[in-house]
file structure.csv (CSV, C-alpha atoms)
chain,number,residue,atom,x,y,z
A,8,MET,CA,-1.2,-35.3,41.7
A,9,ALA,CA,1.6,-34.2,43.9
A,10,GLN,CA,0.7,-32.0,46.9
A,11,GLU,CA,1.8,-28.4,46.4
A,12,GLN,CA,4.5,-27.1,48.7
A,13,LYS,CA,3.1,-24.9,51.5
A,14,ILE,CA,4.5,-21.7,52.9
A,15,LYS,CA,6.3,-22.1,56.2
A,16,LYS,CA,6.3,-19.4,58.9
A,17,TYR,CA,9.7,-17.8,59.6
A,18,PRO,CA,10.5,-15.4,62.4
A,19,LEU,CA,12.0,-12.0,61.9
A,20,LYS,CA,12.3,-8.6,63.5
A,21,MET,CA,9.8,-6.0,62.5
A,22,GLY,CA,10.2,-2.2,62.9
A,23,CYS,CA,8.8,1.0,61.5
A,24,ASP,CA,9.2,4.8,61.3
A,25,PRO,CA,5.7,6.2,60.8
A,26,GLU,CA,5.3,10.0,60.5
A,27,LEU,CA,2.6,12.4,61.7
A,28,PHE,CA,1.9,16.1,61.6
A,29,ILE,CA,1.0,18.4,64.4
A,30,ASN,CA,-1.6,21.1,64.2
A,31,LEU,CA,-1.9,24.3,66.1
A,32,ASN,CA,-5.2,26.2,65.6
A,33,ASN,CA,-6.0,23.8,62.8
A,34,LYS,CA,-2.8,24.7,60.9
A,35,VAL,CA,0.3,22.4,60.5
A,36,ILE,CA,3.3,23.5,62.4
A,37,GLY,CA,6.9,22.2,62.3
A,38,SER,CA,7.9,19.4,64.5
A,39,GLU,CA,10.7,21.5,66.0
A,40,LYS,CA,8.0,23.5,67.8
A,41,VAL,CA,6.9,20.4,69.5
A,42,LEU,CA,10.2,18.6,70.1
A,43,VAL,CA,13.0,20.8,71.3
A,44,GLU,CA,15.1,17.7,71.1
A,45,ASP,CA,14.4,14.1,70.1
A,46,LYS,CA,12.8,12.1,72.9
A,47,VAL,CA,14.7,8.9,73.6
A,48,LYS,CA,13.2,6.5,76.2
A,49,THR,CA,15.1,3.9,78.2
A,50,ASN,CA,13.3,1.1,76.4
A,51,GLY,CA,14.9,2.4,73.1
A,52,ASP,CA,11.8,4.0,71.6
A,53,LYS,CA,12.3,7.4,70.0
A,54,ILE,CA,10.1,10.3,69.0
A,55,THR,CA,12.1,12.4,66.5
A,56,LYS,CA,11.9,15.4,64.3
A,57,ASP,CA,11.9,14.5,60.6
A,58,GLY,CA,11.6,17.8,58.8
A,59,VAL,CA,8.1,19.2,59.3
A,60,GLN,CA,6.9,15.7,60.5
A,61,VAL,CA,7.1,14.0,63.8
A,62,GLU,CA,8.4,10.4,63.5
A,63,PHE,CA,8.0,7.4,65.8
A,64,ASN,CA,10.9,5.0,66.0
A,65,PRO,CA,9.7,2.1,68.2
A,66,GLN,CA,12.2,-0.6,69.1
A,67,PRO,CA,12.0,-3.5,66.5
A,68,GLN,CA,10.3,-6.6,67.8
A,69,THR,CA,9.9,-10.2,66.6
A,70,CYS,CA,6.2,-10.0,67.8
A,71,ARG,CA,3.6,-7.7,66.2
A,72,ALA,CA,1.8,-7.4,69.6
A,73,TYR,CA,5.0,-6.1,71.3
A,74,LEU,CA,5.6,-3.7,68.5
A,75,GLY,CA,2.1,-2.4,68.8
A,76,ASN,CA,2.5,-1.9,72.5
A,77,HIS,CA,5.6,0.2,71.9
A,78,ILE,CA,3.8,2.4,69.3
A,79,ARG,CA,1.0,2.8,71.8
A,80,LEU,CA,3.5,4.1,74.4
A,81,SER,CA,4.8,6.6,71.8
A,82,PHE,CA,1.3,7.9,71.2
A,83,ILE,CA,0.8,8.3,74.9
A,84,ASP,CA,4.0,10.3,75.2
A,85,LEU,CA,3.2,12.5,72.2
A,86,VAL,CA,-0.3,13.3,73.5
A,87,GLU,CA,1.2,14.3,76.9
A,88,MET,CA,3.6,16.6,75.1
A,89,LEU,CA,0.7,18.4,73.3
A,90,GLN,CA,-1.5,18.8,76.4
A,91,ASN,CA,-2.4,22.3,77.3
A,92,LYS,CA,-0.7,23.7,74.3
A,93,GLY,CA,-3.7,23.8,71.9
A,94,MET,CA,-1.9,21.3,69.7
A,95,GLU,CA,-3.3,18.1,68.2
A,96,ILE,CA,-2.2,15.2,66.0
A,97,ASN,CA,-3.0,15.5,62.3
A,98,PHE,CA,-3.1,12.1,60.5
A,99,ASN,CA,-3.5,13.4,57.0
A,100,GLN,CA,-1.1,11.8,54.5
A,101,VAL,CA,-0.4,15.0,52.6
A,102,VAL,CA,-0.6,18.6,54.0
A,103,THR,CA,0.2,22.0,52.8
A,104,VAL,CA,2.3,24.1,55.1
A,105,SER,CA,1.7,27.8,55.0
A,106,LYS,CA,4.4,30.1,53.7
A,107,LYS,CA,4.4,31.9,57.0
A,108,GLU,CA,4.9,28.7,58.9
A,109,MET,CA,7.6,27.5,56.5
A,110,ASP,CA,9.5,30.8,56.8
A,111,SER,CA,9.5,30.5,60.5
A,112,LEU,CA,11.2,27.2,60.6
A,113,SER,CA,14.9,26.5,60.7
A,114,ASP,CA,16.8,25.5,57.5
A,115,LYS,CA,17.0,21.9,58.7
A,116,ALA,CA,13.3,21.7,59.4
A,117,ARG,CA,12.4,22.9,56.0
A,118,GLU,CA,14.4,20.2,54.3
A,119,PHE,CA,12.7,16.9,53.3
A,120,GLY,CA,13.1,14.5,56.2
A,121,CYS,CA,13.3,11.4,54.1
A,122,ALA,CA,16.6,10.2,52.8
A,123,PRO,CA,16.7,9.2,49.1
A,124,SER,CA,15.3,5.7,48.3
A,125,ASN,CA,16.7,3.1,46.0
A,126,ASN,CA,14.2,2.0,43.3
A,127,PHE,CA,14.3,-1.7,42.4
A,128,TYR,CA,12.7,-1.2,39.0
A,129,THR,CA,14.7,1.7,37.7
A,130,GLY,CA,18.0,0.7,39.3
A,131,SER,CA,18.6,4.3,40.4
A,132,VAL,CA,18.1,6.5,43.5
A,133,SER,CA,14.7,8.1,43.8
A,134,VAL,CA,15.4,11.7,44.7
A,135,ILE,CA,12.6,14.1,45.5
A,136,GLY,CA,12.8,16.5,42.6
A,137,LYS,CA,11.4,19.5,44.4
A,138,ASP,CA,12.9,22.5,46.2
A,139,PRO,CA,11.9,21.9,49.8
A,140,LYS,CA,12.0,25.6,50.6
A,141,LYS,CA,9.5,26.4,47.8
A,142,TYR,CA,7.4,23.2,47.7
A,143,LYS,CA,4.9,23.6,50.6
A,144,LYS,CA,3.4,20.1,50.5
A,145,ARG,CA,4.7,17.4,52.9
A,146,SER,CA,3.8,13.7,53.1
A,147,ALA,CA,3.6,11.3,56.0
A,148,GLY,CA,5.2,7.9,55.2
A,149,GLY,CA,4.7,4.6,57.0
A,150,HIS,CA,7.9,2.8,56.2
A,151,ILE,CA,8.3,-0.7,57.5
A,152,HIS,CA,11.5,-2.5,58.4
A,153,ILE,CA,12.0,-6.3,58.4
A,154,GLY,CA,15.2,-8.1,59.2
A,155,THR,CA,16.9,-10.9,61.1
A,156,SER,CA,19.6,-8.6,62.3
A,157,TYR,CA,19.8,-4.9,63.3
A,158,ASP,CA,23.6,-4.8,63.3
A,159,THR,CA,24.6,-1.4,61.9
A,160,SER,CA,28.2,-2.4,61.1
A,161,TYR,CA,28.1,-4.2,57.8
A,162,ASN,CA,29.5,-4.3,54.3
A,163,LYS,CA,26.8,-4.1,51.6
A,164,GLU,CA,28.7,-6.6,49.5
A,165,ASP,CA,28.0,-9.2,52.2
A,166,LEU,CA,24.2,-8.8,51.9
A,167,GLU,CA,23.6,-11.3,49.1
A,168,VAL,CA,26.0,-13.9,50.5
A,169,ASP,CA,25.0,-13.8,54.2
A,170,TYR,CA,21.4,-12.7,53.9
A,171,PRO,CA,20.1,-14.0,50.5
A,172,HIS,CA,16.4,-13.6,51.5
A,173,PHE,CA,17.0,-9.8,51.9
A,174,GLU,CA,18.6,-9.4,48.6
A,175,PRO,CA,16.4,-6.7,46.9
A,176,SER,CA,15.9,-8.7,43.7
A,177,ARG,CA,14.1,-11.3,45.7
A,178,ILE,CA,12.3,-9.5,48.6
A,179,ILE,CA,11.2,-6.2,47.0
A,180,PRO,CA,9.0,-7.6,44.2
A,181,VAL,CA,7.3,-9.9,46.7
A,182,LEU,CA,6.8,-7.0,49.1
A,183,ASP,CA,5.2,-5.0,46.3
A,184,ILE,CA,2.9,-7.8,45.4
A,185,ILE,CA,1.9,-8.8,49.0
A,186,VAL,CA,2.2,-5.6,50.9
A,187,GLY,CA,2.1,-2.7,48.4
A,188,ASN,CA,-0.6,-3.9,46.1
A,189,THR,CA,-2.8,-5.2,48.9
A,190,CYS,CA,-2.5,-1.9,50.8
A,191,VAL,CA,-3.8,0.0,47.7
A,192,LEU,CA,-7.0,-1.9,48.3
A,193,LEU,CA,-7.2,-0.4,51.8
A,194,ASP,CA,-5.5,3.0,51.5
A,195,ARG,CA,-7.7,4.8,49.1
A,196,ASP,CA,-6.8,8.3,50.2
A,197,LYS,CA,-6.4,10.6,47.2
A,198,GLY,CA,-3.3,12.1,48.9
A,199,ASN,CA,-1.4,9.0,47.8
A,200,VAL,CA,-1.4,10.3,44.2
A,201,GLU,CA,0.3,13.5,45.3
A,202,ARG,CA,2.6,11.7,47.7
A,203,ARG,CA,3.9,9.4,45.0
A,204,LYS,CA,4.9,12.3,42.8
A,205,THR,CA,7.7,12.7,45.2
A,206,TYR,CA,8.3,9.4,47.0
A,207,GLY,CA,6.7,6.1,48.0
A,208,ARG,CA,6.5,4.6,44.6
A,209,ALA,CA,6.6,0.8,43.9
A,210,GLY,CA,10.0,-0.8,44.4
A,211,GLU,CA,11.3,1.9,46.8
A,212,TYR,CA,13.6,0.6,49.6
A,213,ARG,CA,16.7,1.2,51.5
A,214,VAL,CA,19.2,-1.2,53.1
A,215,PRO,CA,19.8,0.5,56.5
A,216,ASP,CA,22.1,-2.3,57.8
A,217,LYS,CA,23.0,-5.9,57.2
A,218,GLY,CA,20.1,-8.3,57.1
A,219,ARG,CA,17.5,-5.6,57.0
A,220,ILE,CA,15.3,-4.0,54.4
A,221,GLU,CA,13.3,-0.8,54.8
A,222,TYR,CA,10.3,-0.9,52.5
A,223,ARG,CA,9.3,2.7,51.7
A,224,THR,CA,6.2,2.5,49.6
A,225,LEU,CA,3.4,2.8,52.3
A,226,SER,CA,1.9,5.9,53.8
A,227,ASN,CA,1.1,6.2,57.5
A,228,PHE,CA,-2.5,4.9,56.9
A,229,TRP,CA,-1.9,1.9,59.0
A,230,LEU,CA,-1.7,4.1,62.1
A,231,ARG,CA,-5.5,4.2,62.1
A,232,ASP,CA,-5.6,1.3,64.5
A,233,TYR,CA,-3.3,-1.4,66.0
A,234,LYS,CA,-5.3,-4.1,64.2
A,235,LEU,CA,-4.4,-2.4,60.8
A,236,MET,CA,-0.8,-2.1,61.8
A,237,SER,CA,-0.9,-5.8,62.8
A,238,LEU,CA,-2.2,-6.7,59.3
A,239,VAL,CA,0.5,-4.7,57.5
A,240,MET,CA,3.3,-6.2,59.6
A,241,GLY,CA,1.7,-9.6,59.1
A,242,LEU,CA,1.7,-9.1,55.4
A,243,ALA,CA,5.4,-8.2,55.5
A,244,ARG,CA,6.2,-11.3,57.5
A,245,TYR,CA,4.1,-13.3,55.0
A,246,ALA,CA,6.1,-11.9,52.1
A,247,TYR,CA,9.4,-12.8,53.8
A,248,SER,CA,8.1,-16.3,54.5
A,249,ILE,CA,7.2,-16.7,50.8
A,250,VAL,CA,10.8,-15.9,49.9
A,251,VAL,CA,12.4,-18.1,52.5
A,252,SER,CA,10.1,-20.9,51.4
A,253,ASP,CA,11.5,-20.5,47.9
A,254,LEU,CA,8.0,-19.8,46.5
A,255,ASP,CA,8.7,-16.2,45.4
A,256,SER,CA,9.4,-17.2,41.7
A,257,ILE,CA,6.0,-18.9,41.5
A,258,LEU,CA,4.2,-15.9,42.9
A,259,ILE,CA,6.0,-13.5,40.6
A,260,LYS,CA,5.0,-15.7,37.6
A,261,LYS,CA,1.4,-15.4,38.6
A,262,VAL,CA,1.3,-11.6,38.3
A,263,ASN,CA,2.4,-9.0,35.8
A,264,MET,CA,4.9,-6.8,37.7
A,265,LYS,CA,4.1,-3.8,35.4
A,266,ASP,CA,0.5,-4.1,36.6
A,267,ILE,CA,1.7,-4.2,40.2
A,268,GLN,CA,3.8,-1.1,39.7
A,269,ARG,CA,0.9,0.8,38.0
A,270,ALA,CA,-1.5,-0.1,40.7
A,271,ILE,CA,0.8,1.2,43.4
A,272,ASN,CA,2.1,4.3,41.6
A,273,LYS,CA,-1.4,5.4,40.5
A,274,ASN,CA,-2.9,4.1,43.8
A,275,SER,CA,-5.5,2.5,41.5
A,276,PHE,CA,-8.0,0.3,43.4
A,277,ASN,CA,-9.3,-1.3,40.2
A,278,ASP,CA,-5.8,-2.3,39.0
A,279,ALA,CA,-4.9,-3.5,42.5
A,280,PHE,CA,-8.1,-5.6,42.7
A,281,ASN,CA,-7.3,-7.2,39.3
A,282,ASN,CA,-3.8,-8.1,40.7
A,283,TRP,CA,-5.4,-9.3,43.9
A,284,LYS,CA,-7.2,-12.1,42.0
A,285,TYR,CA,-3.8,-13.7,41.2
A,286,VAL,CA,-2.5,-13.1,44.7
A,287,LYS,CA,-5.6,-14.8,46.1
A,288,ASP,CA,-5.1,-17.8,43.8
A,289,PHE,CA,-1.6,-18.1,45.2
A,290,ILE,CA,-2.8,-17.9,48.8
A,291,MET,CA,-5.4,-20.6,48.2
A,292,ILE,CA,-2.9,-23.0,46.8
A,293,TYR,CA,0.3,-22.4,48.8
A,294,THR,CA,-1.0,-21.3,52.3
A,295,HIS,CA,-2.1,-24.0,54.7
A,296,PRO,CA,-5.8,-23.4,55.7
A,297,SER,CA,-5.1,-24.0,59.4
A,298,PHE,CA,-2.7,-21.0,59.5
A,299,VAL,CA,-5.5,-18.7,60.5
A,300,TYR,CA,-3.5,-17.2,63.4
A,301,ASP,CA,-0.1,-17.4,61.8
A,302,PHE,CA,-0.6,-15.5,58.5
A,303,PRO,CA,-2.9,-12.4,58.0
A,304,LEU,CA,-4.4,-14.1,54.9
A,305,CYS,CA,-5.1,-17.8,54.3
A,306,PRO,CA,-7.7,-19.9,52.4
A,307,ASP,CA,-10.2,-19.8,55.3
A,308,THR,CA,-10.1,-16.0,55.7
A,309,VAL,CA,-9.7,-14.4,52.3
A,310,HIS,CA,-13.5,-14.0,51.9
A,311,LEU,CA,-13.5,-12.0,55.2
A,312,PHE,CA,-10.6,-9.9,54.0
A,313,GLU,CA,-12.5,-9.1,50.8
A,314,PHE,CA,-15.6,-8.1,52.9
A,315,PHE,CA,-13.3,-5.9,55.0
A,316,VAL,CA,-12.0,-4.2,51.9
A,317,ALA,CA,-15.5,-3.7,50.5
A,318,LYS,CA,-16.7,-1.9,53.7
A,319,GLY,CA,-13.7,0.5,53.7
A,320,LEU,CA,-11.5,1.7,56.5
A,321,ASP,CA,-13.9,4.4,57.6
A,322,PHE,CA,-16.5,1.7,58.5
A,323,TRP,CA,-14.0,-0.2,60.7
A,324,PHE,CA,-11.7,2.5,62.1
A,325,PRO,CA,-13.3,6.0,62.2
A,326,LYS,CA,-10.5,8.5,61.7
A,327,ASN,CA,-11.7,10.8,64.4
A,328,GLU,CA,-11.1,8.2,67.1
A,329,ILE,CA,-7.5,7.2,66.2
A,330,VAL,CA,-5.8,8.8,69.2
A,331,LYS,CA,-8.5,7.5,71.5
A,332,ARG,CA,-8.0,3.9,70.2
A,333,TRP,CA,-4.2,4.1,70.5
A,334,THR,CA,-4.1,5.6,74.0
A,335,ALA,CA,-6.8,3.4,75.6
A,336,GLU,CA,-5.9,0.6,77.9
A,337,TRP,CA,-5.2,-2.6,75.9
A,338,GLU,CA,-2.6,-5.2,75.2
A,339,GLY,CA,-1.6,-6.4,71.8
A,340,HIS,CA,-1.8,-10.1,72.3
A,341,GLY,CA,-5.2,-11.5,71.4
A,342,ASN,CA,-6.3,-8.2,69.9
A,343,GLY,CA,-4.4,-8.2,66.6
A,344,TRP,CA,-5.6,-8.6,63.0
A,345,GLU,CA,-6.3,-12.3,63.0
A,346,SER,CA,-8.5,-12.0,66.1
A,347,PHE,CA,-10.2,-9.0,64.7
A,348,LEU,CA,-10.9,-10.8,61.5
A,349,LYS,CA,-12.4,-13.9,63.2
A,350,ASP,CA,-14.4,-11.9,65.7
A,351,LYS,CA,-15.5,-8.5,64.5
A,352,VAL,CA,-15.3,-9.0,60.7
A,353,GLN,CA,-16.8,-12.5,60.9
A,354,GLY,CA,-19.7,-11.1,62.9
A,355,GLU,CA,-20.4,-8.3,60.4
A,356,TYR,CA,-20.1,-10.8,57.6
A,357,ASP,CA,-22.6,-13.2,59.2
A,358,LEU,CA,-25.0,-10.4,59.7
A,359,TRP,CA,-24.6,-9.3,56.1
A,360,ILE,CA,-25.3,-12.9,54.9
A,361,LYS,CA,-28.3,-13.2,57.2
A,362,GLN,CA,-29.8,-10.0,55.8
A,363,GLY,CA,-29.4,-11.5,52.3
A,364,LYS,CA,-27.2,-8.7,50.9

call {"tool": "encode", "arguments": {"input": "structure.csv", "output": "structure tokens"}}
result
Amino acid sequence: MAQEQKIKKYPLKMGCDPELFINLNNKVIGSEKVLVEDKVKTNGDKITKDGVQVEFNPQPQTCRAYLGNHIRLSFIDLVEMLQNKGMEINFNQVVTVSKKEMDSLSDKAREFGCAPSNNFYTGSVSVIGKDPKKYKKRSAGGHIHIGTSYDTSYNKEDLEVDYPHFEPSRIIPVLDIIVGNTCVLLDRDKGNVERRKTYGRAGEYRVPDKGRIEYRTLSNFWLRDYKLMSLVMGLARYAYSIVVSDLDSILIKKVNMKDIQRAINKNSFNDAFNNWKYVKDFIMIYTHPSFVYDFPLCPDTVHLFEFFVAKGLDFWFPKNEIVKRWTAEWEGHGNGWESFLKDKVQGEYDLWIKQGK
């Protein structure tokens, strides 16, 4: 029997624009009351106003560790801005802004911060069908960007010719299968159901510039910890590597894309887990076992990932310690997802087995 082709690892740049809320006296306030103007650092990182939300724009990196280091610096800057003002970071995915607060904001701040998305499955633009001045709920997205180029001068018609692996018909379904569906297993916050009434559904993306895709399905849940951010970015790179290895058609045949869409749009753990069984089968066949530190999931670690999922995020990353974890002294290299999986998760798994559970 011929040996199956294995996925090869391909480098790319990874970026993101996660959003956060700010509380004053336990109530959400507009970002313009925190940032008089956008903060732009000499290293290229930005902290910006995005409607009610505050948004991080770290410089894209080819390394997840470097990207994590940049996000850490943004957290440190934001915490410094809030000091002695009675303000604190609110990590909720969906919040309700009081009428009094909304009325106090500028017209620009009351608008939805997010630009419209393209939806791969409908072939149309996903517009938030709510009046932002009347609709008091706001959501925090965790969009991720992957690309080989961040050149902003481009012609969209060149995308398929010059950057075939970023052609939406190839990369978006794979991102939904590998990133979107997998993150439903992790991000079980009920706020996702409300969030996806307005945006963040399966297949949502933008093409900000040539050779780059912005995947707009995820919430900001991965800001709970650098290790979780490392996992999500690793999944995105894994999805890209599947496409460049020309294995995307095999993966797509293994799953039912309507099931993938339903799992994401309804944030259904059960649906996502049923889909995961087919994804796992693909991983076991097409990912080399020795790629333990190259891909976030491989044949030798899927059992640890399933154990991680079963325990839930609150077990691994308590929500009340998010700021403390991001602002502590650490360096990304050697502290990412794969190291965490082989150290902390493996240790808890071994203990679980020893106890005969």

call {"tool": "closest_residue", "arguments": {"input": "structure.csv", "among": "A:Ser256, A:Asn227, A:Thr129, A:Gln268", "to": "A:Val61", "atoms": "all atoms listed in the file"}}
result
A:Asn227

call {"tool": "residues_around", "arguments": {"input": "structure.csv", "residues": "A:His295", "least_positions_apart": "6", "cutoff": "9 Å", "atoms": "all atoms listed in the file", "output": "PyMOL selection string"}}
result
chain A and resi 13-15+305-306

call {"tool": "write_last_selection", "arguments": {"input": "structure.csv", "atoms": "C-alpha atoms", "output": "compact mmCIF listing (two decimals), in the frame of the given file"}}
result
# COMPACT_ATOMS: atom_id res chain seq x y z
CA LYS A 13 3.10 -24.90 51.50
CA ILE A 14 4.50 -21.70 52.90
CA LYS A 15 6.30 -22.10 56.20
CA CYS A 305 -5.10 -17.80 54.30
CA PRO A 306 -7.70 -19.90 52.40

call {"tool": "residues_near_point", "arguments": {"input": "structure.csv", "point": "(17.0, -0.9, 52.0)", "cutoff": "9 Å", "atoms": "all atoms listed in the file", "output": "list in words"}}
result
Ser124, Asn125, His152, Phe173, Pro175, Glu211, Tyr212, Arg213, Val214, Pro215, Asp216, Arg219, Ile220, Glu221, Tyr222 and Arg223 of chain A

call {"tool": "residues_around", "arguments": {"input": "structure.csv", "residues": "A:Lys143", "least_positions_apart": "3", "cutoff": "7 Å", "atoms": "all atoms listed in the file", "output": "PDB file with C-alpha atoms, keeping the file's coordinate frame"}}
result
ATOM      1  CA  THR A 103       0.200  22.000  52.800  1.00  0.00           C
ATOM      2  CA  VAL A 104       2.300  24.100  55.100  1.00  0.00           C
ATOM      3  CA  SER A 105       1.700  27.800  55.000  1.00  0.00           C
TER       4      SER A 105
END

call {"tool": "closest_residue", "arguments": {"input": "structure.csv", "among": "A:Ala270, A:Leu348, A:Leu235, A:Ile153", "to": "A:Cys23", "atoms": "only C-alpha atoms"}}
result
A:Ile153

call {"tool": "decode", "arguments": {"input": "structure.csv", "residues": "stretch 83-102 of chain A", "atoms": "N, CA and C atoms", "output": "mmCIF file, in the first residue's frame"}}
result
data_model
loop_
_atom_site.group_PDB
_atom_site.id
_atom_site.type_symbol
_atom_site.label_atom_id
_atom_site.label_comp_id
_atom_site.auth_asym_id
_atom_site.auth_seq_id
_atom_site.Cartn_x
_atom_site.Cartn_y
_atom_site.Cartn_z
ATOM 1 N N ILE A 83 0.362 45.373 28.688
ATOM 2 C CA ILE A 83 1.079 46.185 29.675
ATOM 3 C C ILE A 83 0.758 47.669 29.464
ATOM 4 N N ASP A 84 0.754 48.112 28.201
ATOM 5 C CA ASP A 84 0.437 49.509 27.897
ATOM 6 C C ASP A 84 -0.986 49.859 28.301
ATOM 7 N N LEU A 85 -1.934 48.970 28.007
ATOM 8 C CA LEU A 85 -3.334 49.252 28.320
ATOM 9 C C LEU A 85 -3.548 49.309 29.833
ATOM 10 N N VAL A 86 -2.947 48.376 30.559
ATOM 11 C CA VAL A 86 -3.074 48.379 32.020
ATOM 12 C C VAL A 86 -2.524 49.679 32.589
ATOM 13 N N GLU A 87 -1.421 50.149 32.020
ATOM 14 C CA GLU A 87 -0.826 51.413 32.481
ATOM 15 C C GLU A 87 -1.782 52.587 32.240
ATOM 16 N N MET A 88 -2.486 52.562 31.096
ATOM 17 C CA MET A 88 -3.452 53.627 30.795
ATOM 18 C C MET A 88 -4.592 53.670 31.806
ATOM 19 N N LEU A 89 -4.961 52.497 32.313
ATOM 20 C CA LEU A 89 -6.125 52.393 33.193
ATOM 21 C C LEU A 89 -5.801 52.648 34.651
ATOM 22 N N GLN A 90 -4.518 52.648 34.975
ATOM 23 C CA GLN A 90 -4.118 52.789 36.374
ATOM 24 C C GLN A 90 -4.628 54.088 36.988
ATOM 25 N N ASN A 91 -5.075 53.987 38.218
ATOM 26 C CA ASN A 91 -5.517 55.140 39.009
ATOM 27 C C ASN A 91 -6.731 55.851 38.414
ATOM 28 N N LYS A 92 -7.461 55.155 37.569
ATOM 29 C CA LYS A 92 -8.669 55.739 36.976
ATOM 30 C C LYS A 92 -9.927 54.953 37.343
ATOM 31 N N GLY A 93 -9.745 53.900 38.129
ATOM 32 C CA GLY A 93 -10.887 53.081 38.507
ATOM 33 C C GLY A 93 -11.407 52.221 37.380
ATOM 34 N N MET A 94 -10.625 52.062 36.317
ATOM 35 C CA MET A 94 -11.035 51.298 35.145
ATOM 36 C C MET A 94 -10.375 49.923 35.147
ATOM 37 N N GLU A 95 -11.024 48.966 34.498
ATOM 38 C CA GLU A 95 -10.455 47.628 34.378
ATOM 39 C C GLU A 95 -10.891 46.987 33.064
ATOM 40 N N ILE A 96 -10.141 46.000 32.632
ATOM 41 C CA ILE A 96 -10.440 45.317 31.380
ATOM 42 C C ILE A 96 -11.585 44.334 31.582
ATOM 43 N N ASN A 97 -12.504 44.325 30.634
ATOM 44 C CA ASN A 97 -13.647 43.405 30.629
ATOM 45 C C ASN A 97 -13.456 42.460 29.445
ATOM 46 N N PHE A 98 -13.323 41.160 29.720
ATOM 47 C CA PHE A 98 -13.056 40.181 28.673
ATOM 48 C C PHE A 98 -14.318 39.501 28.140
ATOM 49 N N ASN A 99 -15.483 39.941 28.562
ATOM 50 C CA ASN A 99 -16.719 39.318 28.078
ATOM 51 C C ASN A 99 -16.831 39.446 26.566
ATOM 52 N N GLN A 100 -17.378 38.408 25.956
ATOM 53 C CA GLN A 100 -17.530 38.418 24.503
ATOM 54 C C GLN A 100 -18.657 39.333 24.050
ATOM 55 N N VAL A 101 -19.723 39.381 24.835
ATOM 56 C CA VAL A 101 -20.872 40.222 24.512
ATOM 57 C C VAL A 101 -21.246 41.021 25.758
ATOM 58 N N VAL A 102 -21.442 42.321 25.584
ATOM 59 C CA VAL A 102 -21.840 43.174 26.699
ATOM 60 C C VAL A 102 -23.053 44.009 26.274
#
